[in-house]
Amino acid sequence: MMGFNVKKPHPLAGELLKTIILLSVFLLTFLFAQRALAFICINDNPKLSSIVLYYNSFAYEHTIAFAENKFSDYLLFSTEEDNQLLRKISAIGSCNVILGVHTSRACLLIAPLLREKDIVTISPSCGANEINTQYPYVFCLLPNTEQFIKPIAQGLKDLKNPGKVFVLYETTNFYSNAELNLFKHAYKGAITEIPIPHYGTFDMKEIIRHKDKHYTLVFFSYPLASIKALIEMYRNGLIGKNVSIIGSSSWHVNLNVFQKIKYIFSAADKVLLTDIVPQQKNFKNNRFSDEFSVTFKRSPLLIDLLTYDADQLAIKCYNYAKPGDKYDARRFRHCITHGIHHGVAGDFSFKPGSAFASRPIYLVDMLTELSP
């Protein structure tokens with residue numbers, strides 16, 4: 001009779017198997033705990049579309065806000081581009097609140113998932129009017145784009161000698177075109193549209209014809225395209241004391257990129273832009289701004305203030321929505337939409353049915369804003 005020659009297992013095999021099982025159980029327990037604690041999920045990416053080149057301060061702002069409140073039910077994740085947001089949020093699976101969504105494109109991209117899963121995102125800077133269609137799943141700490149257009153139109157009317165009005169906009173940028181169309185509804189005076197291509201030079205012939213007369217340049221282009229156009233006009237002698245400049249609503253998000261062309265603004269008669277922080281009010285004397293300045297050797301930008309305020313609002317409303325063990329999304333939304341919220345960028349509130357913060361908008365002097 002033929003038998004089978006069965007080898008005895010190695011004496012360490014059993015111990016190895018036990019170790020693998022224990023590690024697997026530990027890993028699954030750890031992952032479950034992480035998912036269970038991931039009630040507030042934070043997209044900690046440093047890249048912000050074409051508005052801003054690079055940020056290294058978002059992680060700091062999130063850390064400070066959550067540390068101050070001794071709040072630990074959160075999870076950080078990173079994305080290199082907006083398209084990764086859906087996959088990341090779905091993979092985590094236990095997010096009740098999303099923070100760190102900065103662009104209107106990203107807000108609109110994840111909105112269907114937010115609606116499906118009953119998730120809320122609080123964005124510091126999603127300002128496109130279309131965001132309002134995603135209420136009450138998306139909230140933005142800025143007023144909508146249309147609200148920024150009104151003071152621009154009024155500021156233009158208030159100029160003593162605006163002269164001919166040239167409106168510069170990006171031809172391939174949806175939001176730049178949207179701002180232009182909103183402006184044409186708000187301002188009834190004559191304008192000359194000057195399209196700016198994303199690459200290459202633009203046609204300055206019409207501006208050159210008015211080189212020696214008073215005229216006003218109104219920008220509805222993002223900072224990088226605006227800087228490129230301003231440098232080109234300055235080199236052609238088109239920025240002088242006969243020229244007034246009014247900046248796009250996107251300029252106030254990151255003023256630092258304009259520091260290197262202060263000399264161009266100094267050459268003009270007047271340079272204005274919209275801001276939610278009045279110049280006569282000093283927001284530097286608060287704990288966040290003081291600590292931020294020490295850490296990064298610069299004052300916080302508006303986007304820094306708004307990111308911190310979004311975190312603080314999320315923590316406050318999450319604590320209100322989860323007084324015990326169970327989170328209630330309706331209580332979270334109730335907290336957001338009722339009462340006045342106090343932030344380092346100023347007080348704000350949300351009107352019924354609006355995804356955008358209600359707060360005053362000021363037309364301020366650009367050179368003063370760029371001062372230390």
# chains A, B, ... in the order shown; residues from 1 in each chain; ligands from 1
>>> closest_atom_pairs(of="stretch 89-198 of chain A", to="stretch 299-313 of chain A", cutoff="8 Å", atoms="only C-alpha atoms", output="Markdown table")
| residue | atom | partner | partner_atom | distance |
| --- | --- | --- | --- | --- |
| A:Leu99 | CA | A:Asp311 | CA | 7.1 |
| A:Gly100 | CA | A:Thr307 | CA | 7.4 |
| A:Ile122 | CA | A:Ala310 | CA | 6.1 |
| A:Ser123 | CA | A:Ala310 | CA | 6.7 |
| A:Pro124 | CA | A:Leu306 | CA | 5.1 |
| A:Ser125 | CA | A:Ile303 | CA | 7.3 |
| A:Leu141 | CA | A:Leu306 | CA | 6.9 |
>>> residues_around(residues="A:Thr295", least_positions_apart="2", cutoff="12 Å", atoms="only C-alpha atoms", output="VMD selection string")
chain A and resid 56 to 57 60 to 61 64 288 to 293 297 to 300
>>> select_by_dssp(residues="stretch 126-255 of chain A", states="helix (DSSP H, G or I)", output="PyMOL selection string")
chain A and resi 129-134+145-158+174-186+205-209+223-235+251-253+255
>>> atom_distance(atom1="atom CA of A:Asp82", atom2="atom CA of A:Asp44")
12.0 Å
>>> closest_residue(among="A:Arg115, A:His102, A:Lys157, A:Lys150", to="A:Pro360", atoms="only C-alpha atoms")
A:Lys150
>>> select_by_dssp(residues="stretch 136-299 of chain A", states="strand (DSSP E)", output="number ranges by chain")
A: 138-140, 164-170, 192-196, 215-220, 243-246, 270-275
>>> write_last_selection(atoms="C-alpha atoms", output="short mmCIF file (atom, residue, chain, number, x, y, z; two decimals), in the first residue's frame")
data_model
loop_
_atom_site.label_atom_id
_atom_site.label_comp_id
_atom_site.auth_asym_id
_atom_site.auth_seq_id
_atom_site.Cartn_x
_atom_site.Cartn_y
_atom_site.Cartn_z
CA VAL A 138 -22.48 73.35 0.45
CA PHE A 139 -21.84 76.50 2.48
CA CYS A 140 -19.31 79.20 1.61
CA LYS A 164 -13.10 105.29 -21.06
CA VAL A 165 -13.71 101.99 -19.29
CA PHE A 166 -11.76 98.92 -20.46
CA VAL A 167 -12.84 95.57 -19.02
CA LEU A 168 -10.23 92.80 -19.16
CA TYR A 169 -11.32 89.18 -18.82
CA GLU A 170 -9.98 85.68 -19.53
CA THR A 192 -14.86 98.21 -24.10
CA GLU A 193 -14.14 94.51 -23.59
CA ILE A 194 -10.51 93.39 -23.83
CA PRO A 195 -10.15 89.58 -23.93
CA ILE A 196 -6.97 88.11 -22.41
CA TYR A 215 -9.23 105.71 -18.63
CA THR A 216 -10.07 102.95 -16.17
CA LEU A 217 -9.01 99.30 -16.30
CA VAL A 218 -11.47 96.88 -14.70
CA PHE A 219 -10.12 93.34 -14.27
CA PHE A 220 -12.22 90.19 -14.17
CA VAL A 243 -5.17 105.53 -15.20
CA SER A 244 -7.42 104.03 -12.51
CA ILE A 245 -7.47 100.28 -11.86
CA ILE A 246 -10.18 98.16 -10.23
CA LYS A 270 -5.77 104.84 -8.07
CA VAL A 271 -5.99 101.08 -7.57
CA LEU A 272 -9.04 99.57 -5.86
CA LEU A 273 -10.30 96.09 -5.11
CA THR A 274 -13.06 94.43 -3.10
CA ASP A 275 -12.47 92.92 0.32
#
>>> decode(residues="stretch 139-176 of chain A", atoms="N, CA and C atoms", output="compact mmCIF listing (two decimals), in the first residue's frame")
# COMPACT_ATOMS: atom_id res chain seq x y z
N PHE A 139 -21.80 75.16 1.90
CA PHE A 139 -21.84 76.50 2.48
C PHE A 139 -20.49 77.17 2.23
N CYS A 140 -20.53 78.45 1.90
CA CYS A 140 -19.31 79.20 1.61
C CYS A 140 -19.22 80.42 2.52
N LEU A 141 -18.04 80.69 3.06
CA LEU A 141 -17.87 81.79 3.98
C LEU A 141 -17.75 83.15 3.29
N LEU A 142 -17.71 83.14 1.95
CA LEU A 142 -17.72 84.39 1.19
C LEU A 142 -19.12 84.67 0.66
N PRO A 143 -19.46 85.92 0.41
CA PRO A 143 -20.67 86.21 -0.37
C PRO A 143 -20.48 85.69 -1.80
N ASN A 144 -21.57 85.56 -2.54
CA ASN A 144 -21.43 85.05 -3.91
C ASN A 144 -20.81 86.10 -4.82
N THR A 145 -20.42 85.67 -6.00
CA THR A 145 -19.71 86.53 -6.95
C THR A 145 -20.50 87.79 -7.27
N GLU A 146 -21.80 87.65 -7.41
CA GLU A 146 -22.64 88.80 -7.76
C GLU A 146 -22.53 89.91 -6.73
N GLN A 147 -22.40 89.54 -5.45
CA GLN A 147 -22.30 90.55 -4.40
C GLN A 147 -20.99 91.33 -4.48
N PHE A 148 -19.95 90.71 -5.01
CA PHE A 148 -18.68 91.41 -5.18
C PHE A 148 -18.71 92.36 -6.38
N ILE A 149 -19.57 92.08 -7.33
CA ILE A 149 -19.66 92.92 -8.53
C ILE A 149 -20.29 94.27 -8.22
N LYS A 150 -21.26 94.29 -7.32
CA LYS A 150 -22.00 95.53 -7.03
C LYS A 150 -21.09 96.66 -6.56
N PRO A 151 -20.21 96.46 -5.58
CA PRO A 151 -19.33 97.57 -5.17
C PRO A 151 -18.34 97.97 -6.26
N ILE A 152 -17.97 97.03 -7.15
CA ILE A 152 -17.09 97.38 -8.26
C ILE A 152 -17.81 98.35 -9.21
N ALA A 153 -19.06 98.02 -9.53
CA ALA A 153 -19.86 98.90 -10.39
C ALA A 153 -20.08 100.25 -9.73
N GLN A 154 -20.36 100.25 -8.43
CA GLN A 154 -20.59 101.50 -7.72
C GLN A 154 -19.30 102.31 -7.61
N GLY A 155 -18.18 101.64 -7.36
CA GLY A 155 -16.90 102.33 -7.27
C GLY A 155 -16.53 103.00 -8.57
N LEU A 156 -16.86 102.35 -9.67
CA LEU A 156 -16.60 102.94 -10.99
C LEU A 156 -17.44 104.19 -11.19
N LYS A 157 -18.69 104.15 -10.75
CA LYS A 157 -19.57 105.32 -10.86
C LYS A 157 -19.06 106.47 -10.00
N ASP A 158 -18.43 106.13 -8.87
CA ASP A 158 -17.97 107.16 -7.92
C ASP A 158 -16.64 107.82 -8.32
N LEU A 159 -15.94 107.26 -9.27
CA LEU A 159 -14.69 107.88 -9.72
C LEU A 159 -14.97 109.23 -10.34
N LYS A 160 -14.15 110.23 -9.98
CA LYS A 160 -14.39 111.58 -10.48
C LYS A 160 -14.18 111.68 -11.99
N ASN A 161 -13.17 110.99 -12.49
CA ASN A 161 -12.89 111.06 -13.92
C ASN A 161 -12.49 109.67 -14.43
N PRO A 162 -13.46 108.75 -14.58
CA PRO A 162 -13.10 107.39 -15.00
C PRO A 162 -12.63 107.32 -16.45
N GLY A 163 -13.10 108.26 -17.28
CA GLY A 163 -12.76 108.21 -18.70
C GLY A 163 -13.33 106.97 -19.36
N LYS A 164 -12.65 106.50 -20.38
CA LYS A 164 -13.10 105.29 -21.06
C LYS A 164 -12.85 104.07 -20.16
N VAL A 165 -13.80 103.16 -20.17
CA VAL A 165 -13.71 101.99 -19.29
C VAL A 165 -13.36 100.75 -20.11
N PHE A 166 -12.19 100.15 -19.80
CA PHE A 166 -11.76 98.92 -20.46
C PHE A 166 -11.93 97.76 -19.47
N VAL A 167 -12.61 96.73 -19.89
CA VAL A 167 -12.84 95.57 -19.02
C VAL A 167 -12.04 94.39 -19.56
N LEU A 168 -11.10 93.90 -18.75
CA LEU A 168 -10.23 92.80 -19.16
C LEU A 168 -10.71 91.51 -18.52
N TYR A 169 -10.83 90.46 -19.32
CA TYR A 169 -11.32 89.18 -18.82
C TYR A 169 -10.62 88.04 -19.55
N GLU A 170 -10.62 86.85 -18.93
CA GLU A 170 -9.98 85.68 -19.53
C GLU A 170 -10.97 84.95 -20.43
N THR A 171 -10.60 84.78 -21.66
CA THR A 171 -11.53 84.20 -22.64
C THR A 171 -11.89 82.75 -22.32
N THR A 172 -10.97 81.99 -21.75
CA THR A 172 -11.20 80.56 -21.54
C THR A 172 -11.60 80.22 -20.11
N ASN A 173 -11.79 81.24 -19.28
CA ASN A 173 -12.13 81.01 -17.88
C ASN A 173 -13.62 81.24 -17.66
N PHE A 174 -14.33 80.19 -17.27
CA PHE A 174 -15.79 80.27 -17.09
C PHE A 174 -16.17 81.35 -16.10
N TYR A 175 -15.48 81.40 -14.95
CA TYR A 175 -15.85 82.34 -13.90
C TYR A 175 -15.48 83.77 -14.26
N SER A 176 -14.43 83.95 -15.02
CA SER A 176 -14.08 85.28 -15.51
C SER A 176 -15.18 85.81 -16.43
